[in-house]
file query.txt (compact mmCIF, C-alpha atoms)
# COMPACT_ATOMS: atom_id res chain seq x y z
CA ASP Z 1 7.18 -34.50 42.53
CA VAL Z 2 10.41 -32.48 42.87
CA THR Z 3 11.95 -33.94 39.70
CA GLU Z 4 8.93 -33.03 37.56
CA ALA Z 5 8.80 -29.51 39.02
CA ARG Z 6 12.51 -29.00 38.30
CA GLN Z 7 12.08 -30.28 34.74
CA ALA Z 8 9.13 -27.96 34.19
CA ARG Z 9 11.18 -24.97 35.40
CA GLU Z 10 14.06 -25.91 33.12
CA GLU Z 11 11.74 -26.21 30.12
CA LEU Z 12 10.21 -22.84 30.94
CA LEU Z 13 13.65 -21.25 31.19
CA GLU Z 14 14.66 -22.79 27.87
CA SER Z 15 11.50 -21.50 26.21
CA ARG Z 16 12.15 -18.02 27.56
CA LYS Z 17 15.73 -18.17 26.34
CA LEU Z 18 14.62 -19.12 22.83
CA LEU Z 19 11.99 -16.38 22.85
CA GLU Z 20 14.59 -13.82 23.92
CA LEU Z 21 16.92 -14.94 21.12
CA PHE Z 22 14.12 -14.67 18.56
CA PHE Z 23 13.14 -11.22 19.85
CA ALA Z 24 16.71 -9.92 19.92
CA GLN Z 25 17.92 -11.32 16.60
CA SER Z 26 14.87 -10.74 14.39
CA LEU Z 27 15.46 -8.64 11.28
CA ASP Z 28 12.11 -6.94 11.89
CA GLY Z 29 11.78 -4.39 14.64
CA PHE Z 30 10.03 -5.72 17.76
CA PHE Z 31 8.84 -3.66 20.72
CA PHE Z 32 6.43 -3.62 23.65
CA MET Z 33 4.52 -0.59 24.92
CA LEU Z 34 2.71 -0.86 28.27
CA LEU Z 35 0.50 1.24 30.53
CA ASP Z 36 1.14 1.74 34.23
CA GLU Z 37 -2.56 0.97 34.81
CA PRO Z 38 -4.83 -1.06 32.52
CA VAL Z 39 -7.76 0.73 30.89
CA ALA Z 40 -11.15 -0.43 29.66
CA TRP Z 41 -11.86 0.02 25.95
CA PRO Z 42 -14.42 0.94 24.87
CA SER Z 43 -15.02 3.16 27.85
CA GLY Z 44 -17.65 5.60 28.99
CA ASP Z 45 -15.47 8.49 27.85
CA PRO Z 46 -13.39 7.21 24.91
CA ASP Z 47 -11.84 10.60 24.17
CA ALA Z 48 -10.50 10.94 27.71
CA THR Z 49 -9.27 7.34 27.71
CA LEU Z 50 -7.51 7.88 24.40
CA GLU Z 51 -5.82 11.00 25.77
CA TYR Z 52 -4.62 9.00 28.77
CA VAL Z 53 -3.28 6.14 26.65
CA PHE Z 54 -1.60 8.50 24.19
CA ALA Z 55 0.17 10.34 27.00
CA HIS Z 56 1.04 7.42 29.31
CA GLU Z 57 1.61 4.23 27.31
CA HIS Z 58 5.37 3.89 26.93
CA VAL Z 59 8.03 1.73 25.28
CA THR Z 60 9.30 -0.94 27.68
CA LYS Z 61 11.27 -3.36 25.50
CA VAL Z 62 12.96 -3.08 22.07
CA ASN Z 63 15.28 -5.11 19.87
CA GLU Z 64 18.25 -4.00 17.78
CA ALA Z 65 16.25 -3.85 14.55
CA ILE Z 66 13.81 -1.28 15.96
CA LEU Z 67 16.72 0.78 17.26
CA ALA Z 68 18.24 0.79 13.78
CA GLN Z 69 14.94 1.99 12.28
CA TYR Z 70 14.91 5.01 14.56
CA GLY Z 71 18.69 5.56 14.57
CA ALA Z 72 18.60 5.28 18.34
CA VAL Z 73 20.14 3.56 21.33
CA ALA Z 74 17.88 1.78 23.80
CA GLU Z 75 17.90 4.65 26.31
CA GLN Z 76 16.47 6.99 23.66
CA LEU Z 77 13.42 4.81 22.95
CA ILE Z 78 12.67 3.19 26.31
CA GLY Z 79 10.04 5.29 28.03
CA ARG Z 80 8.84 7.09 24.90
CA THR Z 81 5.08 7.65 24.67
CA PRO Z 82 2.86 7.78 21.58
CA ALA Z 83 2.74 11.55 22.03
CA ALA Z 84 6.54 11.67 21.74
CA LEU Z 85 6.73 9.24 18.81
CA PHE Z 86 4.11 11.22 16.85
CA ALA Z 87 5.07 14.71 17.97
CA HIS Z 88 5.35 15.62 14.27
CA ASP Z 89 1.71 14.66 13.61
CA ILE Z 90 -0.39 14.34 16.77
CA PRO Z 91 -3.80 14.02 15.00
CA ARG Z 92 -2.50 11.18 12.84
CA GLY Z 93 -1.02 9.43 15.86
CA LYS Z 94 -4.26 9.64 17.82
CA ALA Z 95 -6.25 8.36 14.86
CA LEU Z 96 -3.96 5.33 14.60
CA TRP Z 97 -4.18 4.56 18.32
CA ARG Z 98 -7.97 4.86 18.26
CA ALA Z 99 -8.14 2.47 15.27
CA MET Z 100 -5.87 -0.03 17.05
CA LEU Z 101 -7.91 0.12 20.27
CA ASP Z 102 -11.19 -0.25 18.37
CA ALA Z 103 -10.07 -3.32 16.40
CA GLY Z 104 -7.59 -4.79 18.88
CA ARG Z 105 -4.97 -4.87 16.14
CA LEU Z 106 -3.72 -2.76 13.25
CA HIS Z 107 -1.73 -3.13 10.04
CA VAL Z 108 -0.61 0.20 8.63
CA GLU Z 109 2.13 2.13 6.86
CA THR Z 110 3.18 5.28 8.72
CA ASN Z 111 5.49 8.20 8.10
CA GLU Z 112 7.45 8.53 11.34
CA ARG Z 113 10.60 10.28 12.54
CA LYS Z 114 13.97 8.98 13.69
CA VAL Z 115 15.37 10.44 16.90
CA ASP Z 116 17.28 13.04 14.85
CA GLY Z 117 14.10 14.11 13.03
CA THR Z 118 14.80 12.29 9.75
CA PRO Z 119 11.58 10.96 8.14
CA VAL Z 120 11.27 7.17 7.99
CA TRP Z 121 8.47 5.09 6.49
CA VAL Z 122 7.56 1.94 8.40
CA GLU Z 123 5.10 -0.87 7.78
CA GLY Z 124 3.82 -2.29 11.03
CA ASP Z 125 1.58 -4.88 12.62
CA TYR Z 126 0.33 -4.07 16.11
CA ILE Z 127 -1.78 -6.10 18.53
CA CYS Z 128 -3.28 -5.05 21.86
CA LEU Z 129 -2.45 -6.91 25.07
CA TYR Z 130 -5.23 -7.55 27.60
CA ASP Z 131 -5.52 -8.66 31.21
CA ALA Z 132 -7.90 -11.36 32.46
CA ALA Z 133 -10.70 -8.77 32.80
CA GLY Z 134 -10.33 -7.68 29.15
CA ARG Z 135 -8.70 -4.36 29.97
CA VAL Z 136 -5.95 -3.00 27.72
CA LEU Z 137 -2.44 -3.43 29.15
CA GLY Z 138 -0.58 -2.06 26.13
CA HIS Z 139 0.44 -3.50 22.80
CA PHE Z 140 3.12 -5.42 20.91
CA GLY Z 141 4.45 -4.18 17.58
CA ILE Z 142 6.44 -5.49 14.63
CA GLN Z 143 7.85 -2.95 12.19
CA ARG Z 144 9.98 -2.95 9.04
CA ASP Z 145 11.63 0.01 7.33
CA ILE Z 146 10.06 0.59 3.89
CA THR Z 147 11.61 4.00 3.19
CA GLU Z 148 13.52 2.81 0.11
CA ARG Z 149 10.40 1.15 -1.29
CA LYS Z 150 8.44 4.37 -0.83
CA ARG Z 151 11.16 6.35 -2.59
CA ALA Z 152 11.16 3.91 -5.50
CA GLU Z 153 7.34 4.09 -5.76
CA GLU Z 154 7.45 7.89 -5.74
CA ALA Z 155 10.18 7.95 -8.39
CA LEU Z 156 8.12 5.59 -10.55
CA ARG Z 157 4.99 7.72 -10.15
CA PHE Z 158 6.96 10.84 -11.05
CA SER Z 159 8.43 9.17 -14.13
CA GLU Z 160 5.04 7.85 -15.27
CA ASP Z 161 3.44 11.25 -14.74
CA LYS Z 162 6.12 12.98 -16.81
CA PHE Z 163 5.76 10.43 -19.60
CA ALA Z 164 1.95 10.67 -19.60
CA LYS Z 165 2.04 14.48 -19.79
CA ALA Z 166 4.63 14.47 -22.56
CA PHE Z 167 2.72 11.75 -24.44
CA GLN Z 168 -0.64 13.49 -24.33
CA SER Z 169 0.54 17.08 -24.78
CA SER Z 170 2.83 16.38 -27.74
CA PRO Z 171 1.86 18.34 -30.87
CA LEU Z 172 3.08 15.34 -32.87
CA ARG Z 173 1.13 12.15 -33.46
CA VAL Z 174 2.40 9.61 -30.93
CA SER Z 175 1.36 5.98 -30.61
CA ILE Z 176 2.51 2.84 -28.83
CA SER Z 177 2.06 -0.47 -30.60
CA THR Z 178 3.15 -4.07 -30.29
CA LEU Z 179 6.26 -4.96 -32.28
CA ALA Z 180 5.13 -8.42 -33.38
CA GLU Z 181 1.61 -7.57 -34.56
CA GLY Z 182 1.57 -3.83 -35.00
CA ARG Z 183 -1.46 -3.45 -32.74
CA PHE Z 184 -1.88 -0.05 -31.12
CA VAL Z 185 -1.66 -0.06 -27.33
CA GLU Z 186 -2.13 3.68 -26.83
CA VAL Z 187 -2.42 6.81 -28.95
CA ASN Z 188 -2.42 10.46 -27.97
CA ASP Z 189 -5.09 13.09 -28.61
CA THR Z 190 -3.13 14.61 -31.50
CA PHE Z 191 -3.16 11.22 -33.24
CA LEU Z 192 -6.95 10.99 -32.91
CA ARG Z 193 -7.51 14.62 -33.89
CA ASP Z 194 -5.29 14.50 -36.98
CA HIS Z 195 -7.14 11.41 -38.23
CA ASP Z 196 -10.52 12.77 -37.14
CA LEU Z 197 -11.19 9.71 -34.95
CA ARG Z 198 -13.50 9.21 -32.04
CA ILE Z 199 -14.29 6.30 -29.69
CA ALA Z 200 -17.70 4.79 -30.41
CA THR Z 201 -19.84 2.42 -28.37
CA PHE Z 202 -18.59 -0.84 -26.83
CA GLU Z 203 -20.31 -4.17 -26.40
CA PRO Z 204 -19.33 -7.54 -24.82
CA LEU Z 205 -17.15 -9.77 -26.99
CA ASP Z 206 -17.91 -13.48 -26.78
CA ARG Z 207 -14.31 -14.52 -27.50
CA PRO Z 208 -10.86 -13.29 -26.53
CA PHE Z 209 -9.48 -10.47 -28.62
CA HIS Z 210 -6.29 -12.00 -30.02
CA GLY Z 211 -3.10 -10.03 -29.54
CA ARG Z 212 -0.85 -8.65 -26.86
CA GLY Z 213 -1.90 -5.75 -24.71
CA GLY Z 214 -0.05 -3.18 -22.70
CA VAL Z 215 -0.55 -0.82 -19.81
CA GLY Z 216 -1.75 2.69 -20.54
CA THR Z 217 -2.95 5.83 -18.79
CA GLU Z 218 -6.56 6.96 -18.90
CA THR Z 219 -6.91 9.98 -21.20
CA PRO Z 220 -9.83 11.92 -22.65
CA SER Z 221 -9.47 9.87 -25.83
CA SER Z 222 -9.57 6.53 -24.05
CA ARG Z 223 -11.83 7.23 -21.10
CA ALA Z 224 -14.82 5.83 -22.98
CA ILE Z 225 -13.08 2.46 -22.98
CA GLY Z 226 -12.33 2.67 -19.28
CA SER Z 227 -15.97 3.32 -18.44
CA ALA Z 228 -16.82 -0.05 -19.93
CA SER Z 229 -14.27 -1.91 -17.81
CA ARG Z 230 -15.16 -1.10 -14.24
CA ALA Z 231 -17.50 -3.95 -13.42
CA GLY Z 232 -14.89 -5.47 -11.09
CA ARG Z 233 -14.33 -8.66 -13.09
CA SER Z 234 -12.35 -9.79 -16.08
CA SER Z 235 -14.25 -9.33 -19.34
CA TRP Z 236 -13.63 -8.70 -22.99
CA CYS Z 237 -15.20 -5.79 -24.82
CA ARG Z 238 -15.28 -4.78 -28.44
CA GLY Z 239 -15.97 -1.38 -29.90
CA ARG Z 240 -15.45 0.79 -32.96
CA ILE Z 241 -13.17 3.69 -33.67
CA GLU Z 242 -15.02 5.65 -36.31
CA ILE Z 243 -14.03 8.12 -39.01
CA PRO Z 244 -16.90 10.40 -39.96
CA GLY Z 245 -18.10 9.30 -43.35
CA GLY Z 246 -18.81 5.68 -42.56
CA CYS Z 247 -15.36 4.06 -42.08
CA SER Z 248 -14.71 2.15 -38.86
CA SER Z 249 -12.33 -0.32 -37.22
CA GLN Z 250 -12.70 -2.73 -34.32
CA ALA Z 251 -10.98 -1.91 -31.02
CA GLY Z 252 -10.67 -4.33 -28.15
CA HIS Z 253 -9.46 -4.22 -24.59
CA ARG Z 254 -9.43 -6.46 -21.54
CA SER Z 255 -10.27 -5.32 -18.04
CA SER Z 256 -9.50 -7.07 -14.77
CA GLY Z 257 -10.92 -6.82 -11.28
CA SER Z 258 -7.52 -5.72 -9.93
CA GLY Z 259 -7.89 -2.37 -11.67
CA TRP Z 260 -4.75 -2.92 -13.78
CA VAL Z 261 -6.20 -2.15 -17.18
CA GLY Z 262 -4.57 -3.00 -20.49
CA TRP Z 263 -5.56 -0.62 -23.32
CA TRP Z 264 -5.91 -2.15 -26.76
CA LEU Z 265 -6.56 -0.07 -29.84
CA ALA Z 266 -6.44 -2.31 -32.92
CA MET Z 267 -6.58 0.00 -35.94
CA ALA Z 268 -5.15 -2.04 -38.81
CA GLY Z 269 -5.29 -0.27 -42.13
CA LEU Z 270 -5.95 3.05 -40.50
CA LEU Z 271 -4.96 5.21 -43.43
CA GLY Z 272 -6.48 2.87 -45.99
CA TRP Z 273 -10.10 2.97 -44.78
CA CYS Z 274 -12.70 4.70 -46.96
call {"tool": "encode", "arguments": {"input": "query.txt", "output": "structure tokens"}}
result
Amino acid sequence: DVTEARQAREELLESRKLLELFFAQSLDGFFFMLLDEPVAWPSGDPDATLEYVFAHEHVTKVNEAILAQYGAVAEQLIGRTPAALFAHDIPRGKALWRAMLDAGRLHVETNERKVDGTPVWVEGDYICLYDAAGRVLGHFGIQRDITERKRAEEALRFSEDKFAKAFQSSPLRVSISTLAEGRFVEVNDTFLRDHDLRIATFEPLDRPFHGRGGVGTETPSSRAIGSASRAGRSSWCRGRIEIPGGCSSQAGHRSSGSGWVGWWLAMAGLLGWC
């Protein structure tokens, strides 16, 4: 039927038009990379096949967002190979391509370079394209620029590291405690040494340790607590901070499977013991 065939062509054209609009106007970077000839993966000689793919797969289609990520115009990216994109770190590039070919897809954060050589961090999702025989034709990628996020994370790590070093190396007694309850969240080694304290054994607590906890950094003085909290699940523990001579106080902490540990050192009446 001529009418049905015409309608089918019109619907196909409309679908392609919508797809082109989505591709072109997406805020994430979209691109295709294709091979001139499909390759089998895995192959009899995977190293040779990887070398071929790394040298011959090339960018065939890009959107404006991907151009912005690389500070490029279309002519500067079209035709680029993996070897050109990862010229600054060939071993890393080959490792990524091998991982993508092995799994058929890849999610990864990579440190890449704009066309002018400026470093740019991108988070990407990549999926291989196959022909009817299962051979690799190339791949499709979606990328977003995460450079600012990486800078913020690095600044935070630097700030936390400076604070932790200053906290632990201070010749003065330093502690962090909750304002409402006066519970100690963290103390430095000088604090423990001046009061002749040490961390004693810990055992499971059958009820929540009441109070508010905070985030701390593992130190020689608190590592004994951390060793009791790495079972990979949320649990409450109770222990003692002892003063030689028989005086002791309960200390509690909560651990979580996420690895985000809150340090709790409850030492009420510290100076009044004994």
call {"tool": "atom_distance", "arguments": {"input": "query.txt", "atom1": "CA of Gly71 (chain Z)", "atom2": "CA of Gly29 (chain Z)"}}
result
12.1 Å
call {"tool": "residues_around", "arguments": {"input": "query.txt", "residues": "Tyr70 (chain Z)", "least_positions_apart": "2", "cutoff": "9 Å", "atoms": "all atoms listed in the file", "output": "ChimeraX atom specification"}}
result
/Z:65-68,72-73,77,112-116,118,120
call {"tool": "residues_around", "arguments": {"input": "query.txt", "residues": "Lys94 (chain Z)", "least_positions_apart": "4", "cutoff": "9 Å", "atoms": "all atoms listed in the file", "output": "number ranges by chain"}}
result
Z: 50-51, 54, 82-83, 86, 89-90, 98-99
call {"tool": "atom_distance", "arguments": {"input": "query.txt", "atom1": "CA of Val185 (chain Z)", "atom2": "CA of Pro171 (chain Z)"}}
result
19.1 Å
call {"tool": "atom_distance", "arguments": {"input": "query.txt", "atom1": "CA of Phe30 (chain Z)", "atom2": "CA of Gln143 (chain Z)"}}
result
6.6 Å
call {"tool": "closest_residue", "arguments": {"input": "query.txt", "among": "Z:Arg80, Z:Ala87, Z:Glu57, Z:Pro42", "to": "Gly117 (chain Z)", "atoms": "only C-alpha atoms"}}
result
Z:Ala87
call {"tool": "residues_around", "arguments": {"input": "query.txt", "residues": "Gly104 (chain Z)", "least_positions_apart": "3", "cutoff": "7 Å", "atoms": "all atoms listed in the file", "output": "list in words"}}
result
Met100, Leu101, Ile127 and Cys128 of chain Z
call {"tool": "write_last_selection", "arguments": {"input": "query.txt", "atoms": "C-alpha atoms", "output": "PDB file, in the coordinates of the input"}}
result
ATOM      1  CA  MET Z 100      -5.870  -0.030  17.050  1.00  0.00           C
ATOM      2  CA  LEU Z 101      -7.910   0.120  20.270  1.00  0.00           C
ATOM      3  CA  ILE Z 127      -1.780  -6.100  18.530  1.00  0.00           C
ATOM      4  CA  CYS Z 128      -3.280  -5.050  21.860  1.00  0.00           C
TER       5      CYS Z 128
END
